[in-house]
Amino acid sequence: MNILAFAASNSRKSINKSLVTYAGTLLENHRVEIIDINDYPMPIYSTDLEELHGVPDAAEQFLSKISNADALLISFAEHNGNYTVAYKNLFDWASRMNMKVYQSKPVVMLSTSPGPGGAKSVLELARNSAHFFDGTVSASLSIPSFYDNFDVDKGQLIDEGLIAQLKSALATIDTH
Ligand SMILES: Cc1cc2nc3c(=O)[nH]c(=O)nc-3n(C[C@H](O)[C@H](O)[C@H](O)COP(=O)(O)O)c2cc1C
């Protein structure tokens, strides 16, 4: 299967990008493409801009990446309990072109943060709203205390229990 993977963060040092990249290495039997949402730059969404210029091409390019994938792997960064502005903006523009942003694809949703909460709030938000956007969440997993549980130099999770949980979350992709 073709898996499209990305972090819902625009940080160049994104820990969610590290996590999603590691998770991608565990999907040995699939082709994984990791994209960076910085490659889909768009102005802050406004109805005025949309009326004047329409939806930017980058939104269509993002939607087409999703359309070409068989499944999605997303790791959500949390800002104040919510999506990062960067992902919300990309998502809002994309939804103006196609409300079914996730296009019936199975989605494995991850999240992490440096704190013990592991960005659970945004993960819940993403999971609970996915059906509005035609997404089927096959599994979700939050990794707490990123710097305690992830070896940044090796680019991998340390804790065996979390590795096992991640592997079983990823295995749900095979059942779709
Ligand atoms: C504006 C802002 C708000 C944040 N709010 C939260 C939060 O609500 N919960 C949380 O766990 N971490 C929060 N953090 C810390 C982020 O989890 C941390 O910056 C993390 O590295 C973001 O993920 P990323 O590196 O993938 O972008 C916040 C950080 C910023 C800059």
# chains A, B, ... in the order shown; residues from 1 in each chain; ligands from 1

call {"tool": "residues_around", "arguments": {"residues": "stretch 107-111 of chain A", "least_positions_apart": "3", "cutoff": "7 Å", "atoms": "only C-alpha atoms", "output": "number ranges by chain"}}
result
A: 16, 71-77, 118-120, 123, 135-143, 169-170

call {"tool": "write_last_selection", "arguments": {"atoms": "C-alpha atoms", "output": "compact mmCIF listing (two decimals), in the first residue's frame"}}
result
# COMPACT_ATOMS: atom_id res chain seq x y z
CA ASN A 16 5.87 14.81 15.59
CA ALA A 71 -3.84 5.14 3.89
CA LEU A 72 -2.68 8.08 5.99
CA LEU A 73 -0.36 8.32 8.97
CA ILE A 74 -0.56 11.66 10.76
CA SER A 75 1.13 12.83 13.95
CA PHE A 76 -0.52 15.85 15.53
CA ALA A 77 1.33 18.60 17.35
CA GLY A 118 1.35 13.63 24.91
CA ALA A 119 -0.91 16.02 22.95
CA LYS A 120 -3.94 13.89 23.80
CA LEU A 123 -5.53 13.74 19.13
CA GLY A 135 -11.78 9.80 7.49
CA THR A 136 -11.82 6.39 9.14
CA VAL A 137 -9.51 6.34 12.12
CA SER A 138 -8.17 2.81 12.28
CA ALA A 139 -6.08 3.50 15.40
CA SER A 140 -4.75 6.36 17.47
CA LEU A 141 -1.86 6.58 19.91
CA SER A 142 -0.44 9.38 22.00
CA ILE A 143 3.22 9.23 23.05
CA ALA A 169 -1.70 0.75 15.81
CA LEU A 170 0.17 0.54 12.50

call {"tool": "residues_around", "arguments": {"residues": "A:Ile37", "least_positions_apart": "4", "cutoff": "8 Å", "atoms": "only C-alpha atoms", "output": "list in words"}}
result
Phe6, Ala7, Ala8, Ser9, Asn10, Pro41, Ala86, Tyr87 and Leu90 of chain A

call {"tool": "select_by_dssp", "arguments": {"residues": "chain A", "states": "helix (DSSP H, G or I)", "output": "PyMOL selection string"}}
result
chain A and resi 15-26+37-39+47-53+57-68+85-97+120-133+146-149+160-175

call {"tool": "write_last_selection", "arguments": {"atoms": "C-alpha atoms", "output": "PDB file, in the first residue's frame"}}
result
ATOM      1  CA  ILE A  15       9.029  16.069  17.295  1.00  0.00           C
ATOM      2  CA  ASN A  16       5.873  14.806  15.589  1.00  0.00           C
ATOM      3  CA  LYS A  17       7.818  14.647  12.344  1.00  0.00           C
ATOM      4  CA  SER A  18      10.460  12.572  14.157  1.00  0.00           C
ATOM      5  CA  LEU A  19       7.731  10.282  15.473  1.00  0.00           C
ATOM      6  CA  VAL A  20       5.950   9.896  12.142  1.00  0.00           C
ATOM      7  CA  THR A  21       9.267   9.272  10.380  1.00  0.00           C
ATOM      8  CA  TYR A  22      10.103   6.527  12.874  1.00  0.00           C
ATOM      9  CA  ALA A  23       6.601   5.041  12.543  1.00  0.00           C
ATOM     10  CA  GLY A  24       7.117   5.012   8.781  1.00  0.00           C
ATOM     11  CA  THR A  25      10.194   2.809   9.182  1.00  0.00           C
ATOM     12  CA  LEU A  26       8.027   0.214  10.936  1.00  0.00           C
ATOM     13  CA  ILE A  37       3.209  20.686   5.393  1.00  0.00           C
ATOM     14  CA  ASN A  38       5.625  23.606   4.909  1.00  0.00           C
ATOM     15  CA  ASP A  39       5.627  22.594   1.256  1.00  0.00           C
ATOM     16  CA  THR A  47     -13.580  34.110   2.911  1.00  0.00           C
ATOM     17  CA  ASP A  48     -12.539  37.425   1.333  1.00  0.00           C
ATOM     18  CA  LEU A  49      -9.352  35.939  -0.112  1.00  0.00           C
ATOM     19  CA  GLU A  50     -11.271  32.913  -1.314  1.00  0.00           C
ATOM     20  CA  GLU A  51     -13.835  35.119  -3.086  1.00  0.00           C
ATOM     21  CA  LEU A  52     -11.078  37.188  -4.661  1.00  0.00           C
ATOM     22  CA  HIS A  53      -8.596  34.506  -5.704  1.00  0.00           C
ATOM     23  CA  ASP A  57      -3.171  25.455  -5.834  1.00  0.00           C
ATOM     24  CA  ALA A  58      -1.303  24.127  -2.794  1.00  0.00           C
ATOM     25  CA  ALA A  59      -4.609  22.967  -1.284  1.00  0.00           C
ATOM     26  CA  GLU A  60      -5.357  20.972  -4.418  1.00  0.00           C
ATOM     27  CA  GLN A  61      -1.836  19.522  -4.377  1.00  0.00           C
ATOM     28  CA  PHE A  62      -2.313  18.418  -0.758  1.00  0.00           C
ATOM     29  CA  LEU A  63      -5.688  16.845  -1.545  1.00  0.00           C
ATOM     30  CA  SER A  64      -4.199  15.057  -4.497  1.00  0.00           C
ATOM     31  CA  LYS A  65      -1.459  13.563  -2.304  1.00  0.00           C
ATOM     32  CA  ILE A  66      -4.205  12.165  -0.069  1.00  0.00           C
ATOM     33  CA  SER A  67      -6.172  10.933  -3.048  1.00  0.00           C
ATOM     34  CA  ASN A  68      -3.148   9.003  -4.364  1.00  0.00           C
ATOM     35  CA  VAL A  85      -2.357  27.054  13.112  1.00  0.00           C
ATOM     36  CA  ALA A  86      -0.345  25.710  10.177  1.00  0.00           C
ATOM     37  CA  TYR A  87      -2.326  22.473   9.934  1.00  0.00           C
ATOM     38  CA  LYS A  88      -5.693  24.120  10.623  1.00  0.00           C
ATOM     39  CA  ASN A  89      -5.007  26.580   7.831  1.00  0.00           C
ATOM     40  CA  LEU A  90      -4.028  23.871   5.365  1.00  0.00           C
ATOM     41  CA  PHE A  91      -7.042  21.827   6.410  1.00  0.00           C
ATOM     42  CA  ASP A  92      -9.463  24.765   6.139  1.00  0.00           C
ATOM     43  CA  TRP A  93      -8.298  25.654   2.633  1.00  0.00           C
ATOM     44  CA  ALA A  94      -8.398  22.001   1.558  1.00  0.00           C
ATOM     45  CA  SER A  95     -11.915  21.601   2.987  1.00  0.00           C
ATOM     46  CA  ARG A  96     -13.117  24.471   0.782  1.00  0.00           C
ATOM     47  CA  MET A  97     -12.140  22.413  -2.246  1.00  0.00           C
ATOM     48  CA  LYS A 120      -3.936  13.888  23.805  1.00  0.00           C
ATOM     49  CA  SER A 121      -6.366  16.793  23.458  1.00  0.00           C
ATOM     50  CA  VAL A 122      -5.620  17.470  19.818  1.00  0.00           C
ATOM     51  CA  LEU A 123      -5.530  13.741  19.128  1.00  0.00           C
ATOM     52  CA  GLU A 124      -9.055  13.399  20.562  1.00  0.00           C
ATOM     53  CA  LEU A 125     -10.189  16.376  18.545  1.00  0.00           C
ATOM     54  CA  ALA A 126      -8.777  14.937  15.334  1.00  0.00           C
ATOM     55  CA  ARG A 127     -10.137  11.465  16.054  1.00  0.00           C
ATOM     56  CA  ASN A 128     -13.627  12.586  17.006  1.00  0.00           C
ATOM     57  CA  SER A 129     -14.033  14.892  14.016  1.00  0.00           C
ATOM     58  CA  ALA A 130     -12.464  12.689  11.313  1.00  0.00           C
ATOM     59  CA  HIS A 131     -15.823  11.275  10.224  1.00  0.00           C
ATOM     60  CA  PHE A 132     -16.994  14.746   9.208  1.00  0.00           C
ATOM     61  CA  PHE A 133     -14.158  14.738   6.684  1.00  0.00           C
ATOM     62  CA  PHE A 146       8.620  12.646  24.061  1.00  0.00           C
ATOM     63  CA  TYR A 147      12.186  13.302  25.224  1.00  0.00           C
ATOM     64  CA  ASP A 148      11.988  10.540  27.845  1.00  0.00           C
ATOM     65  CA  ASN A 149      10.578   7.997  25.429  1.00  0.00           C
ATOM     66  CA  GLU A 160       9.294  -1.440  24.465  1.00  0.00           C
ATOM     67  CA  GLY A 161       5.693  -1.092  25.600  1.00  0.00           C
ATOM     68  CA  LEU A 162       5.179   2.007  23.469  1.00  0.00           C
ATOM     69  CA  ILE A 163       6.906   0.348  20.501  1.00  0.00           C
ATOM     70  CA  ALA A 164       4.476  -2.567  20.817  1.00  0.00           C
ATOM     71  CA  GLN A 165       1.496  -0.186  21.008  1.00  0.00           C
ATOM     72  CA  LEU A 166       2.734   1.701  17.961  1.00  0.00           C
ATOM     73  CA  LYS A 167       3.222  -1.523  16.007  1.00  0.00           C
ATOM     74  CA  SER A 168      -0.299  -2.668  16.787  1.00  0.00           C
ATOM     75  CA  ALA A 169      -1.700   0.748  15.809  1.00  0.00           C
ATOM     76  CA  LEU A 170       0.166   0.541  12.501  1.00  0.00           C
ATOM     77  CA  ALA A 171      -0.966  -3.032  11.916  1.00  0.00           C
ATOM     78  CA  THR A 172      -4.559  -1.767  11.622  1.00  0.00           C
ATOM     79  CA  ILE A 173      -3.556  -0.352   8.219  1.00  0.00           C
ATOM     80  CA  ASP A 174      -3.195  -3.921   6.916  1.00  0.00           C
ATOM     81  CA  THR A 175      -6.769  -4.775   7.812  1.00  0.00           C
TER      82      THR A 175
END

call {"tool": "closest_residue", "arguments": {"among": "A:Asn82, A:Thr112, A:Asn29, A:Ser14", "to": "ligand 1", "atoms": "only C-alpha atoms and all ligand atoms"}}
result
A:Ser14

call {"tool": "closest_residue", "arguments": {"among": "A:Gly155, A:Pro43, A:Pro114, A:Pro106", "to": "ligand 1", "atoms": "only C-alpha atoms and all ligand atoms"}}
result
A:Pro114

call {"tool": "select_by_dssp", "arguments": {"residues": "chain A", "states": "strand (DSSP E or B)", "output": "NGL selection string"}}
result
:A and (2-8 or 31-35 or 71-76 or 79 or 82 or 106-112 or 136-143 or 150-151 or 156-157)

call {"tool": "residues_around", "arguments": {"residues": "A:Met1", "least_positions_apart": "2", "cutoff": "7 Å", "atoms": "only C-alpha atoms", "output": "compact mmCIF listing (two decimals) with N, CA and C atoms, in the first residue's frame"}}
result
# COMPACT_ATOMS: atom_id res chain seq x y z
N ILE A 3 1.41 4.69 1.61
CA ILE A 3 1.04 5.40 2.84
C ILE A 3 1.56 6.83 2.75
N HIS A 30 5.15 -1.61 3.16
CA HIS A 30 4.40 -0.58 2.43
C HIS A 30 5.36 0.48 1.89
N ARG A 31 4.87 1.23 0.90
CA ARG A 31 5.64 2.39 0.42
C ARG A 31 5.17 3.60 1.21
N ASP A 70 -3.21 5.12 -0.18
CA ASP A 70 -4.17 4.12 0.26
C ASP A 70 -4.52 4.30 1.73
